[in-house]
Every structure is written in structure tokens, then in C-alpha cells.
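Just final14.txt here, compact mmCIF, C-alpha atoms and all ligand atoms:
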# COMPACT_ATOMS: atom_id res chain seq x y z
CA MET A 41 12.79 -35.19 76.54
CA ILE A 42 10.55 -38.22 76.67
CA ILE A 43 6.84 -38.47 77.46
CA HIS A 44 6.34 -41.33 79.87
CA LYS A 45 3.56 -43.90 79.52
CA GLU A 46 2.30 -43.07 83.02
CA GLU A 47 1.86 -39.41 82.06
CA ILE A 48 -0.29 -40.45 79.12
CA ALA A 49 -2.23 -42.97 81.20
CA ASN A 50 -2.92 -40.44 83.96
CA SER A 51 -4.23 -37.89 81.53
CA ASN A 52 -6.37 -40.48 79.73
CA GLU A 53 -7.85 -41.60 83.03
CA GLN A 54 -9.15 -38.11 83.69
CA LEU A 55 -10.75 -37.92 80.25
CA ALA A 56 -12.01 -41.50 80.10
CA GLY A 57 -15.57 -40.91 81.37
CA LYS A 58 -16.38 -38.15 78.95
CA HIS A 59 -14.70 -39.99 76.06
CA GLN A 60 -16.67 -43.17 76.72
CA GLN A 61 -19.91 -41.20 76.74
CA LYS A 62 -19.19 -39.66 73.35
CA LEU A 63 -18.02 -42.96 71.86
CA THR A 64 -21.14 -44.80 73.02
CA ALA A 65 -23.40 -42.09 71.61
CA LEU A 66 -21.60 -42.25 68.28
CA ASN A 67 -21.62 -46.06 68.16
CA ASN A 68 -25.38 -46.06 68.76
CA ASN A 69 -25.86 -44.01 65.61
CA LEU A 70 -23.35 -45.66 63.30
CA LYS A 71 -24.53 -47.98 60.58
CA LYS A 72 -21.06 -49.52 60.29
CA ASP A 73 -18.97 -51.62 62.64
CA SER A 74 -16.83 -49.15 64.51
CA LYS A 75 -14.31 -51.78 65.58
CA ALA A 76 -13.19 -52.37 62.00
CA ILE A 77 -12.79 -48.62 61.49
CA ILE A 78 -10.83 -48.18 64.72
CA ASP A 79 -8.50 -51.06 63.74
CA LYS A 80 -7.74 -49.31 60.46
CA LEU A 81 -7.15 -45.99 62.22
CA VAL A 82 -4.70 -47.65 64.62
CA LYS A 83 -2.65 -48.98 61.70
CA PHE A 84 -2.57 -45.77 59.68
CA GLN A 85 0.77 -43.95 60.01
CA VAL A 86 1.72 -40.59 58.58
CA GLY A 87 5.36 -39.82 57.88
CA ILE A 88 6.80 -36.64 59.36
CA PRO A 89 9.45 -34.86 57.30
CA SER A 90 12.61 -33.76 59.04
CA TRP A 91 12.14 -30.17 57.84
CA ALA A 92 8.75 -29.75 59.49
CA LEU A 93 9.99 -29.71 63.09
CA GLY A 94 11.29 -26.17 62.91
CA THR A 95 9.59 -22.92 62.08
CA GLY A 96 9.39 -22.27 58.37
CA GLY A 97 9.31 -18.84 56.85
CA THR A 98 8.22 -16.92 53.81
CA ARG A 99 10.32 -15.06 51.26
CA PHE A 100 9.74 -12.00 53.44
CA PHE A 101 10.88 -13.17 56.82
CA ARG A 102 11.22 -16.11 59.14
CA PHE A 103 9.94 -15.52 62.67
CA SER A 104 12.00 -17.95 64.69
CA GLY A 105 10.43 -20.36 67.13
CA ALA A 106 12.21 -21.54 70.25
CA GLY A 107 13.60 -24.84 71.43
CA GLU A 108 13.75 -26.12 67.85
CA PRO A 109 15.73 -29.24 67.01
CA ARG A 110 19.31 -28.42 66.04
CA ASN A 111 20.27 -31.68 64.39
CA ILE A 112 18.93 -34.95 63.06
CA GLU A 113 18.96 -36.59 66.51
CA GLU A 114 16.77 -33.85 68.00
CA LYS A 115 14.45 -34.00 65.00
CA ILE A 116 13.95 -37.72 65.58
CA GLU A 117 13.38 -36.96 69.26
CA ASP A 118 10.63 -34.49 68.28
CA ILE A 119 8.93 -37.00 65.98
CA GLY A 120 9.20 -39.45 68.87
CA LEU A 121 7.25 -36.99 71.02
CA LEU A 122 4.53 -36.71 68.38
CA HIS A 123 4.36 -40.47 68.02
CA ALA A 124 4.17 -40.98 71.78
CA LEU A 125 1.18 -38.62 71.89
CA ASN A 126 -0.78 -39.79 68.85
CA ARG A 127 0.77 -43.18 67.90
CA SER A 128 0.16 -42.25 64.25
CA SER A 129 3.42 -40.48 63.41
CA GLY A 130 5.61 -43.56 63.22
CA ALA A 131 7.83 -42.64 60.29
CA VAL A 132 10.59 -40.15 59.56
CA SER A 133 11.14 -38.71 56.11
CA LEU A 134 14.66 -37.35 55.76
CA HIS A 135 15.84 -34.57 53.54
CA ILE A 136 19.35 -34.71 52.11
CA PRO A 137 21.58 -32.72 52.50
CA TRP A 138 19.79 -30.96 55.36
CA ASP A 139 19.90 -34.10 57.47
CA ILE A 140 22.83 -36.28 56.50
CA PRO A 141 23.16 -39.16 58.94
CA GLU A 142 26.77 -39.64 60.03
CA ASP A 143 26.37 -42.83 62.03
CA TYR A 144 23.64 -44.97 60.47
CA ALA A 145 23.54 -47.56 63.24
CA SER A 146 23.04 -45.01 66.00
CA ILE A 147 20.40 -43.08 64.00
CA ARG A 148 18.53 -46.31 63.32
CA ALA A 149 18.76 -47.28 66.97
CA LEU A 150 17.52 -43.86 68.09
CA ALA A 151 14.55 -44.06 65.71
CA ALA A 152 13.74 -47.60 66.83
CA GLN A 153 13.84 -46.47 70.45
CA HIS A 154 10.97 -44.09 69.60
CA GLY A 155 9.15 -46.72 67.54
CA LEU A 156 9.95 -44.93 64.28
CA GLY A 157 10.91 -46.23 60.85
CA PHE A 158 12.34 -44.40 57.83
CA ASP A 159 9.96 -43.43 55.09
CA ALA A 160 10.73 -41.86 51.70
CA MET A 161 14.07 -40.08 51.32
CA ASN A 162 13.99 -36.61 49.77
CA SER A 163 16.68 -35.25 47.48
CA ASN A 164 17.33 -31.57 46.93
CA THR A 165 18.50 -30.02 43.70
CA PHE A 166 16.43 -26.88 44.12
CA GLN A 167 19.16 -24.93 45.85
CA ASP A 168 22.94 -24.66 45.74
CA HIS A 169 24.69 -26.24 48.69
CA PRO A 170 27.98 -25.12 50.23
CA GLY A 171 30.91 -26.60 48.35
CA GLN A 172 28.80 -27.60 45.36
CA LYS A 173 30.67 -27.29 42.04
CA LEU A 174 27.94 -26.29 39.62
CA SER A 175 24.84 -24.14 40.13
CA TYR A 176 21.20 -25.19 39.81
CA LYS A 177 20.15 -21.63 39.01
CA PHE A 178 18.86 -22.74 35.60
CA GLY A 179 17.64 -26.14 36.65
CA SER A 180 19.13 -29.47 37.61
CA MET A 181 17.93 -32.52 35.69
CA GLN A 182 16.68 -30.36 32.82
CA HIS A 183 19.89 -28.30 32.59
CA VAL A 184 21.41 -27.60 29.17
CA ASP A 185 24.84 -28.55 30.59
CA LYS A 186 25.33 -32.30 30.93
CA ALA A 187 27.72 -31.76 33.84
CA VAL A 188 25.00 -30.09 35.90
CA ARG A 189 22.59 -32.90 35.09
CA GLN A 190 25.22 -35.43 36.14
CA GLN A 191 25.72 -33.60 39.44
CA ALA A 192 21.97 -33.85 40.12
CA ILE A 193 21.95 -37.54 39.18
CA ASP A 194 24.91 -38.25 41.46
CA HIS A 195 23.20 -36.43 44.33
CA ASN A 196 20.06 -38.56 43.98
CA ILE A 197 22.11 -41.76 43.89
CA GLU A 198 23.86 -40.58 47.06
CA VAL A 199 20.46 -40.06 48.70
CA ILE A 200 19.44 -43.62 47.78
CA LYS A 201 22.62 -44.90 49.49
CA HIS A 202 21.77 -43.04 52.70
CA GLY A 203 18.25 -44.44 52.50
CA VAL A 204 19.39 -48.02 52.01
CA ALA A 205 21.61 -47.71 55.09
CA LEU A 206 18.63 -46.48 57.13
CA GLY A 207 16.08 -48.99 55.89
CA SER A 208 14.06 -46.62 53.71
CA LYS A 209 12.36 -48.02 50.60
CA SER A 210 11.64 -44.99 48.45
CA LEU A 211 13.02 -41.80 46.98
CA THR A 212 10.95 -38.68 46.40
CA VAL A 213 12.21 -36.38 43.68
CA TRP A 214 10.78 -32.92 43.54
CA LEU A 215 12.40 -30.69 40.95
CA SER A 216 12.00 -26.94 40.91
CA ASP A 217 13.19 -27.09 37.29
CA GLY A 218 11.33 -24.93 34.82
CA SER A 219 11.49 -21.43 33.42
CA SER A 220 10.41 -18.01 34.53
CA PHE A 221 10.07 -16.41 31.10
CA PRO A 222 8.73 -17.46 27.72
CA GLY A 223 11.50 -18.53 25.37
CA GLN A 224 13.91 -19.31 28.20
CA LEU A 225 13.98 -23.02 27.47
CA SER A 226 12.76 -25.63 25.05
CA PHE A 227 9.92 -27.56 26.71
CA ARG A 228 10.81 -30.62 24.67
CA LYS A 229 14.52 -30.57 25.46
CA ALA A 230 13.85 -29.86 29.15
CA PHE A 231 11.51 -32.85 29.29
CA GLN A 232 13.95 -35.12 27.46
CA ASN A 233 16.91 -34.11 29.64
CA THR A 234 14.85 -34.62 32.78
CA LEU A 235 13.62 -38.00 31.61
CA GLU A 236 17.15 -39.17 30.81
CA SER A 237 18.43 -37.91 34.16
CA LEU A 238 15.61 -39.62 36.06
CA ALA A 239 16.32 -42.82 34.12
CA GLU A 240 19.91 -42.77 35.44
CA VAL A 241 18.59 -42.46 39.00
CA TYR A 242 16.03 -45.18 38.30
CA LYS A 243 18.85 -47.54 37.30
CA ALA A 244 20.41 -47.06 40.73
CA LEU A 245 17.19 -47.97 42.60
CA PRO A 246 17.30 -51.23 44.55
CA ASN A 247 14.70 -53.74 43.36
CA ASP A 248 12.42 -53.26 46.35
CA TRP A 249 12.50 -49.45 46.10
CA LYS A 250 10.11 -46.97 44.54
CA ILE A 251 10.80 -43.56 43.07
CA PHE A 252 8.12 -40.89 43.44
CA VAL A 253 8.04 -38.11 40.86
CA GLU A 254 6.42 -35.12 42.55
CA TYR A 255 4.83 -32.42 40.39
CA LYS A 256 4.13 -28.78 41.08
CA ALA A 257 2.31 -26.24 38.95
CA PHE A 258 4.52 -23.23 39.61
CA GLU A 259 7.04 -21.68 42.00
CA PRO A 260 9.92 -21.03 42.24
CA ASN A 261 9.66 -20.89 38.46
CA PHE A 262 6.72 -18.83 37.30
CA TYR A 263 6.31 -19.50 33.60
CA SER A 264 6.76 -23.25 33.25
CA THR A 265 7.60 -26.18 35.47
CA THR A 266 9.23 -29.22 33.92
CA VAL A 267 7.21 -31.61 36.10
CA GLY A 268 4.22 -29.29 36.23
CA ASP A 269 1.16 -31.46 36.68
CA TRP A 270 -0.03 -35.01 37.19
CA GLY A 271 -0.08 -35.71 33.47
CA GLN A 272 3.58 -34.83 33.10
CA SER A 273 4.49 -36.75 36.24
CA LEU A 274 2.56 -39.78 34.98
CA LEU A 275 4.38 -39.52 31.67
CA TYR A 276 7.76 -39.66 33.40
CA ALA A 277 6.64 -42.44 35.75
CA THR A 278 5.26 -44.51 32.88
CA LYS A 279 8.35 -44.09 30.73
CA LEU A 280 10.68 -44.85 33.66
CA GLY A 281 9.13 -48.19 34.56
CA PRO A 282 7.25 -50.16 37.22
CA LYS A 283 9.22 -48.79 40.19
CA ALA A 284 8.27 -45.19 39.30
CA TYR A 285 5.13 -43.53 40.61
CA THR A 286 3.45 -40.16 40.74
CA LEU A 287 3.34 -38.29 44.02
CA VAL A 288 0.44 -35.97 44.78
CA ASP A 289 1.14 -32.99 47.01
CA LEU A 290 -2.15 -31.31 47.85
CA GLY A 291 -0.69 -27.81 47.50
CA HIS A 292 0.90 -28.31 44.10
CA HIS A 293 -2.13 -27.73 41.89
CA LEU A 294 -3.59 -24.71 40.19
CA PRO A 295 -6.53 -23.24 42.13
CA ASN A 296 -9.74 -25.30 42.14
CA ALA A 297 -8.16 -28.36 40.55
CA ASN A 298 -10.25 -31.47 41.18
CA ILE A 299 -7.63 -33.37 43.18
CA GLU A 300 -9.98 -36.20 44.11
CA GLN A 301 -10.46 -37.01 40.44
CA ILE A 302 -6.69 -36.96 39.83
CA VAL A 303 -6.20 -39.31 42.78
CA ALA A 304 -8.91 -41.69 41.54
CA LEU A 305 -7.41 -42.04 38.08
CA LEU A 306 -3.80 -42.35 39.21
CA LEU A 307 -4.80 -45.10 41.63
CA GLN A 308 -6.78 -46.84 38.93
CA GLU A 309 -3.70 -46.81 36.70
CA GLY A 310 -1.57 -48.20 39.53
CA LYS A 311 0.67 -45.14 39.36
CA LEU A 312 -0.08 -43.27 42.58
CA GLY A 313 2.81 -43.91 44.96
CA GLY A 314 3.15 -41.06 47.40
CA PHE A 315 1.00 -38.48 49.06
CA HIS A 316 1.87 -35.16 50.70
CA PHE A 317 -0.68 -33.58 53.02
CA ASN A 318 -1.11 -29.86 53.65
CA ASP A 319 -3.79 -27.27 53.02
CA SER A 320 -3.99 -24.05 51.07
CA LYS A 321 -6.19 -21.14 50.20
CA TYR A 322 -4.32 -19.66 47.23
CA GLY A 323 -1.21 -21.56 46.15
CA ASP A 324 1.33 -23.83 47.79
CA ASP A 325 0.51 -22.31 51.16
CA ASP A 326 1.63 -25.38 53.14
CA LEU A 327 -0.89 -24.73 55.90
CA THR A 328 -2.14 -27.20 58.49
CA THR A 329 -3.95 -30.10 56.82
CA GLY A 330 -7.70 -29.71 57.13
CA SER A 331 -7.53 -26.08 58.25
CA ILE A 332 -9.00 -24.57 55.07
CA LYS A 333 -10.78 -27.22 53.02
CA PRO A 334 -11.78 -30.19 55.18
CA TYR A 335 -14.52 -31.26 52.74
CA GLN A 336 -12.01 -31.51 49.92
CA LEU A 337 -9.75 -33.58 52.16
CA PHE A 338 -12.66 -35.91 52.87
CA LEU A 339 -13.54 -36.23 49.16
CA ILE A 340 -9.90 -37.06 48.41
CA PHE A 341 -9.86 -39.70 51.14
CA ASN A 342 -13.08 -41.10 49.79
CA GLU A 343 -11.32 -41.72 46.46
CA LEU A 344 -8.19 -43.00 48.19
CA VAL A 345 -10.16 -45.57 50.16
CA ALA A 346 -12.26 -46.59 47.15
CA GLY A 347 -9.21 -46.77 44.89
CA LEU A 348 -7.04 -48.70 47.35
CA ASP A 349 -9.88 -51.13 48.00
CA ALA A 350 -10.47 -51.60 44.28
CA ARG A 351 -6.82 -52.62 43.86
CA GLY A 352 -6.79 -54.70 47.03
CA LEU A 353 -4.09 -52.50 48.56
CA ASN A 354 -3.47 -52.04 52.27
CA HIS A 355 -4.56 -48.55 53.33
CA ALA A 356 -1.65 -48.11 55.70
CA THR A 357 1.13 -49.31 53.41
CA GLY A 358 -0.31 -49.01 49.90
CA LEU A 359 0.94 -45.45 49.52
CA GLY A 360 3.68 -43.38 51.14
CA TRP A 361 1.79 -40.93 53.39
CA MET A 362 3.54 -37.81 54.56
CA ILE A 363 2.84 -34.34 55.84
CA ASP A 364 4.54 -31.64 53.81
CA ALA A 365 3.78 -28.35 55.47
CA SER A 366 5.49 -25.24 56.73
CA HIS A 367 4.79 -23.85 60.17
CA ASN A 368 5.27 -20.13 60.12
CA ILE A 369 3.34 -18.89 63.14
CA LYS A 370 2.36 -22.02 65.09
CA ASP A 371 4.44 -24.28 67.28
CA PRO A 372 5.48 -26.91 64.68
CA LEU A 373 4.71 -29.83 67.00
CA GLU A 374 1.21 -28.57 67.78
CA ASP A 375 0.64 -27.92 64.09
CA LEU A 376 1.71 -31.47 63.22
CA LEU A 377 -0.60 -32.91 65.89
CA GLN A 378 -3.46 -30.95 64.34
CA SER A 379 -2.55 -32.14 60.84
CA VAL A 380 -2.38 -35.82 61.79
CA GLU A 381 -5.71 -35.50 63.60
CA ALA A 382 -7.31 -33.90 60.53
CA ILE A 383 -5.95 -36.67 58.30
CA LEU A 384 -7.34 -39.38 60.57
CA ILE A 385 -10.71 -37.62 60.81
CA ALA A 386 -11.01 -37.44 57.00
CA TYR A 387 -9.89 -41.07 56.74
CA ALA A 388 -12.44 -42.20 59.33
CA GLN A 389 -15.20 -40.28 57.56
CA ALA A 390 -14.24 -41.90 54.25
CA LEU A 391 -14.41 -45.31 55.93
CA LEU A 392 -17.97 -44.45 56.99
CA VAL A 393 -19.17 -43.90 53.43
CA ASP A 394 -21.66 -46.52 52.38
CA ALA A 395 -19.91 -47.50 49.16
CA GLU A 396 -22.62 -49.90 48.05
CA ALA A 397 -25.41 -47.40 48.52
CA LEU A 398 -23.35 -44.78 46.71
CA GLU A 399 -22.79 -47.11 43.78
CA ASP A 400 -26.50 -47.87 43.71
CA ALA A 401 -27.39 -44.18 43.72
CA ARG A 402 -25.00 -43.63 40.81
CA GLU A 403 -26.54 -46.45 38.84
CA GLN A 404 -29.95 -44.88 39.40
CA ASN A 405 -28.64 -41.41 38.48
CA ASP A 406 -29.91 -40.35 41.89
CA VAL A 407 -27.72 -37.28 42.27
CA VAL A 408 -29.43 -36.10 45.44
CA ARG A 409 -28.98 -39.41 47.22
CA ALA A 410 -25.33 -39.63 46.16
CA GLN A 411 -24.67 -36.25 47.72
CA GLU A 412 -26.61 -37.20 50.86
CA ILE A 413 -24.52 -40.34 51.29
CA LEU A 414 -21.24 -38.47 51.06
CA GLN A 415 -22.32 -35.60 53.27
CA ASP A 416 -23.84 -37.91 55.83
CA ALA A 417 -20.37 -39.38 56.35
CA PHE A 418 -18.65 -35.99 56.24
CA ARG A 419 -20.98 -34.47 58.80
CA THR A 420 -20.52 -37.29 61.28
CA ASP A 421 -18.36 -36.22 64.19
CA VAL A 422 -15.88 -39.08 64.13
CA ARG A 423 -13.50 -37.58 66.68
CA PRO A 424 -14.44 -40.17 69.34
CA LEU A 425 -13.36 -42.95 66.91
CA VAL A 426 -10.03 -41.25 66.27
CA ALA A 427 -9.53 -40.70 70.02
CA GLU A 428 -10.43 -44.32 70.74
CA SER A 429 -7.89 -45.52 68.18
CA ARG A 430 -5.23 -43.44 69.91
CA LEU A 431 -6.27 -44.82 73.29
CA GLN A 432 -6.05 -48.39 72.06
CA ALA A 433 -2.63 -47.75 70.52
CA GLY A 434 -1.28 -46.29 73.74
CA GLY A 435 -1.52 -42.63 72.79
CA ALA A 436 -3.25 -39.67 74.41
CA LEU A 437 -6.98 -39.04 74.19
CA ASP A 438 -6.24 -35.34 73.76
CA PRO A 439 -2.68 -34.95 72.42
CA ILE A 440 -2.56 -31.16 72.23
CA ALA A 441 -3.98 -30.69 75.72
CA LEU A 442 -1.42 -33.13 77.12
CA TYR A 443 1.40 -31.51 75.12
CA ARG A 444 0.50 -28.21 76.73
CA SER A 445 -0.08 -29.49 80.25
CA LEU A 446 3.26 -31.34 80.20
CA LYS A 447 4.88 -28.08 79.03
CA VAL A 448 6.74 -29.92 76.29
CA ARG A 449 7.85 -26.82 74.42
CA GLU A 450 9.02 -25.12 77.61
CA LYS A 451 11.09 -28.18 78.45
CA LEU A 452 12.57 -28.32 74.96
CA ILE A 453 13.53 -24.65 75.29
CA GLY A 454 15.15 -25.53 78.62
CA GLU A 455 17.19 -28.26 76.96
CA ARG A 456 18.01 -26.57 73.67
CA GLY A 457 17.73 -22.87 74.33
CA HIS A 458 15.66 -20.09 72.83
CA LYS A 459 17.62 -19.24 69.74
CA THR A 460 17.85 -22.48 67.79
CA VAL A 461 17.40 -23.05 64.10
CA ALA A 462 16.71 -26.43 62.59
CA THR A 463 19.15 -27.48 59.86
CA GLY A 464 17.77 -26.60 56.45
CA LEU A 465 15.64 -23.70 57.68
MN MN B 501 5.69 -32.03 48.71
So that I can check it, write out the structure of this file as C-alpha cells.
Amino acid sequence: MIIHKEEIANSNEQLAGKHQQKLTALNNNLKKDSKAIIDKLVKFQVGIPSWALGTGGTRFFRFSGAGEPRNIEEKIEDIGLLHALNRSSGAVSLHIPWDIPEDYASIRALAAQHGLGFDAMNSNTFQDHPGQKLSYKFGSMQHVDKAVRQQAIDHNIEVIKHGVALGSKSLTVWLSDGSSFPGQLSFRKAFQNTLESLAEVYKALPNDWKIFVEYKAFEPNFYSTTVGDWGQSLLYATKLGPKAYTLVDLGHHLPNANIEQIVALLLQEGKLGGFHFNDSKYGDDDLTTGSIKPYQLFLIFNELVAGLDARGLNHATGLGWMIDASHNIKDPLEDLLQSVEAILIAYAQALLVDAEALEDAREQNDVVRAQEILQDAFRTDVRPLVAESRLQAGGALDPIALYRSLKVREKLIGERGHKTVATGL
């Protein structure tokens, strides 16, 4: 299905009066130029991964949703719906082999029709695929058997080829490699094998591509992970070369890690390349961004904005932004609308921070004032700015309300049926 411009315009018309009131009230109290902030919000796009359109599950059970996309075309259609509503979901991040494009030209045309481009490609050596010769049970790029490592290398090179054909410019590698018991592997050999394998993939990267090395503290391996934290990821990225970067996934840290500090230093070193948004209470919970720790999200964005500005990088294109979440009990499309909204809210709040005053407070060791400056921005209700940016970009003032009133899910169920499962889930 398609959401028509008139449907969005009609709904916006009904909400316009109230929206204008809120925006004027906010503008009257802002110390910064709201136009510059709104322009930045309009440009900011968050990639949507192809695996996030269906209902996820846990290791206990997967409670199926309904009307889920059954193939890559329907997944692109779903991202098109999101983008029509919020105008901030303009990129698709594909997962291979869950979403292998068969006809590149038609997939590209379909994406373009929805105003979507192709963001980072994702490889998968964390599971065995049908017809695969060798097993990844004991790792892929770290494996003691060279033939298994070669299989993982070949797969990643294959993913790059798909990406080139679609117009993508980056490859994200997340390895589940590690060990579940002490003594199971040699940390040093596992690192060396992984580095050599990644170097083979690096060699196959086109010149204008980036490779993102994603880290994760634990799970599915529970004793060690071969790319376990930002230090290890940075080590790989540094040894690989200038096209290799670290990727921060918010859920991949040990509890209470200071992610904003990690982000600040990686950016300073020019080695932060990709970013995966989600939220968590305990581990890699993959919950809706901003649903648990909105203040942390704001503090991270504060460092992102400061770090990107310090390097003169474009906020919208300086990093690869993507949502990486699992929707177990919510409608995935509603969940994604909430996540994108939360990301834009945190971004807008970070743009409100008075960086000069903050720097001054730091120089004076005025701890109280520094905190006041940050919390003043965080406690500002910036939702009218985010809504205005959507309005200006042609999106809906209230995406979730419109999604519900247009009965999008009901229509998708009508088209696709109740019992559908997205590929890869
Ligand atoms: Mn991730």
C-alpha cells in the first residue's frame, strides 16, 4: 500500500492550529535559532534494517505479528510507508542472506520510487545457512580451520558485490565469534585469525567504501567475544586501515558503560563510522530507542554533535545511522516510528546545548552550571521542532496517529494475510 500526499496533508491541516501554537510558544523561549535546528532535523536520516520490519522473538518464543513483509520488495514497501510518514527513514540496510536481491535494477527502482537509498550492507556468519558447506558453530573468522575462515571471507565479499550493485557504500561486520568456556580458544590466535580474515575482506572493498567492525560484549558466546568491546574493535579498525571504522551499537556494552565517553573518543580519533540505535535495561535488549534511558541517549547525542562539529563532519552523512532493534510485542512499524522520533528528539536537544557556555563552565570548574546547561537542553520539550521538521519535509505532524487512522496494518493484513513471516525471522 501507499500513503498518499493528500492523506498526509489532510491530517496535518487538522493538527496545524495546535501545532503552530506549541511551536510559537517554544520559539519564544529558545535562545537559539530554531530554523537552523529544523533544517538539520530535516536532513537527518536513519537507516532501517530489513530485519526490523517483522516481529522478532526471544530464545523462548516468537509471537507472530500479522501482515508482515514476506520478501525484500514488501520490506522496502514498509520502509517506504515509514518514510512517507516521517520523512526521516530514507535508507534501507539489507541483511545477506536474509534479503538477497535477485534483480538489482528493479530493487533499486522500487527503493527510488519510495525515496529510499541503500545504506550499510550486513553480512551474517553467526548462523549456518541452508546448503552451507562448513559450520560456524565454533566461530567464523576466528575459526581454527582455514576453510571455515575462507567461507566467511567469501561470504563477506559476496555481500560487498550485492551492495555495489545496489549503490551501498559500506559493509557492517558483526561477528558472534568467541567462546563460551574458559580454555576453549586462544584469545591471541582468535584475534589473529579474525584480523587476517577481515584484512582479506578489506582488500575487496571498493575505494569509496567503508567497513564497520561492530563489537559486542557477550551473547551468543558467554565467556569471551572476539570483537568484545570498543578497544578491540578500534584495534582491528586501526590495523586494517583508513577505510575501517568502529561501529557502536547502544545495546552491545556491559551494564552502565559510559557510552557517551566511548563515542567522544572514537570520534576524536576519526574511527567512529557507524551507529546502531536501540535501548536496553539489562543487556542487548533491542528495545525501542529512547524507551528506557532517554537521558543517556541525549548525552550520547551531545557528544556526537560536539565530536562531528569538531571534525567538521556533516551530521547527516558523517556517520552511518541505523536502528537495530527487535520488536517482540509491538507492531514493528509503530515501534520504528517511535524510535526515529526519539532519535530526532535527542538530536534536537543536543543541538540546543549552549556549547560555548558549557565550555566556559568547564574552564571555570563550575560543575553545577555545566549540569544546568545540559539539563536545560534535555528538559526542553522539543517535539514541536521535530514535528515542524516533518511538516516541512512533507511528512505527518503525528505519524503514529495517522498510521492508526489510515488503518495501515489492517490494510497490510488484507494484502498479505495474517500468517506471514518476514525472511530471516
Ligand atoms: Mn547492531
- request: Compute the set of protein, DNA and RNA residues whose minimum atom distance to ligand MN 501 (chain B) is at most 9 Å, using all atoms listed in the file, and state it as number ranges by chain.
  value: A: 212, 214, 254-256, 287-292, 315-318, 326, 362-365
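Between atom CA of Ile48 of chain A and atom CA of Ser129 of chain A lies a distance of 16.1 Å.
Here the question is which of A:Gly96, A:Gly155, A:Pro89, A:Gly107 gets nearest to Asn368 of chain A using all atoms listed in the file, and that residue is A:Gly96.
The environment of segment 418-435 of chain A within 7 Å, counting only C-alpha atoms and disregarding residues fewer than 3 places along the same chain, consists of A:Ile48, A:His59, A:Lys62, A:Leu63, A:Ile78, A:Leu81, A:Val82, A:Ala124, A:Leu125, A:Asn126, A:Arg127, A:Phe338, A:Leu384, A:Ile385, A:Ala388, A:Gln389, A:Leu414, A:Gln415.
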- prompt: What separation in Å, quoted to one decimal, exists between atom CA of Gly120 of chain A and atom CA of His169 of chain A?
  reply: 28.7 Å
query: What gap, in Å, lies between atom CA of Leu442 of chain A and atom CA of Glu47 of chain A?
result: 8.6 Å
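Using all atoms listed in the file, the smallest distance between any of A:Lys80, A:Arg449, A:Lys71, A:Lys209 and Pro246 of chain A comes from A:Lys209.
All residues of protein, DNA or RNA that reach within 10 Å of Pro260 of chain A, judged by only C-alpha atoms and not counting those fewer than 6 positions away in the chain, are Phe166, Ser216, Asp217, Gly218, Ser219 and Ser220 of chain A.
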task: Please provide as number ranges by chain all residues within 8 Å of Met161 of chain A, with the sequence filter that same-chain residues fewer than 6 positions apart are discarded (counting all atoms listed in the file).
output: A: 133-136, 199-200, 203, 208, 210-212
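Remark: for Ser226 of chain A, the closest of the candidate residues A:His183, A:Lys173, A:Arg409, A:His293 is A:His183 (distances computed over all atoms listed in the file).
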Residue contacts of Lys333 of chain A (12 Å, all atoms listed in the file) excluding same-chain residues fewer than 2 positions away, as a CSV table (one decimal) with C-alpha atoms, in the coordinates of the input:
chain,number,residue,atom,x,y,z
A,290,LEU,CA,-2.2,-31.3,47.8
A,291,GLY,CA,-0.7,-27.8,47.5
A,296,ASN,CA,-9.7,-25.3,42.1
A,317,PHE,CA,-0.7,-33.6,53.0
A,318,ASN,CA,-1.1,-29.9,53.6
A,319,ASP,CA,-3.8,-27.3,53.0
A,320,SER,CA,-4.0,-24.0,51.1
A,321,LYS,CA,-6.2,-21.1,50.2
A,322,TYR,CA,-4.3,-19.7,47.2
A,327,LEU,CA,-0.9,-24.7,55.9
A,328,THR,CA,-2.1,-27.2,58.5
A,329,THR,CA,-4.0,-30.1,56.8
A,330,GLY,CA,-7.7,-29.7,57.1
A,331,SER,CA,-7.5,-26.1,58.2
A,335,TYR,CA,-14.5,-31.3,52.7
A,336,GLN,CA,-12.0,-31.5,49.9
A,337,LEU,CA,-9.8,-33.6,52.2
A,338,PHE,CA,-12.7,-35.9,52.9
A,339,LEU,CA,-13.5,-36.2,49.2
A,340,ILE,CA,-9.9,-37.1,48.4
A,382,ALA,CA,-7.3,-33.9,60.5
A,383,ILE,CA,-6.0,-36.7,58.3
A,386,ALA,CA,-11.0,-37.4,57.0
Residues within 12 Å of (-21.5, -49.2, 46.8), file coords, only C-alpha atoms, listed as a ChimeraX atom specification: /A:346,349-350,392-403,410,413-414
message: At a cut-off of 10 Å around the point (-2.9, -48.6, 59.5) (file coordinates), what residues fall inside when counting only C-alpha atoms? I'd like the answer as an MDAnalysis selection string.
response: chainID A and resid 78:86 128 354:358
Excluding same-chain residues fewer than 3 positions from Ser445 of chain A, what lies within 12 Å of it counting all atoms listed in the file, as a short mmCIF file (atom, residue, chain, number, x, y, z; two decimals) with C-alpha atoms, in the coordinates of the input?
data_model
loop_
_atom_site.label_atom_id
_atom_site.label_comp_id
_atom_site.auth_asym_id
_atom_site.auth_seq_id
_atom_site.Cartn_x
_atom_site.Cartn_y
_atom_site.Cartn_z
CA ILE A 43 6.84 -38.47 77.46
CA GLU A 47 1.86 -39.41 82.06
CA ILE A 48 -0.29 -40.45 79.12
CA ASN A 50 -2.92 -40.44 83.96
CA SER A 51 -4.23 -37.89 81.53
CA ASP A 438 -6.24 -35.34 73.76
CA PRO A 439 -2.68 -34.95 72.42
CA ILE A 440 -2.56 -31.16 72.23
CA ALA A 441 -3.98 -30.69 75.72
CA LEU A 442 -1.42 -33.13 77.12
CA VAL A 448 6.74 -29.92 76.29
CA ARG A 449 7.85 -26.82 74.42
CA GLU A 450 9.02 -25.12 77.61
CA LYS A 451 11.09 -28.18 78.45
#
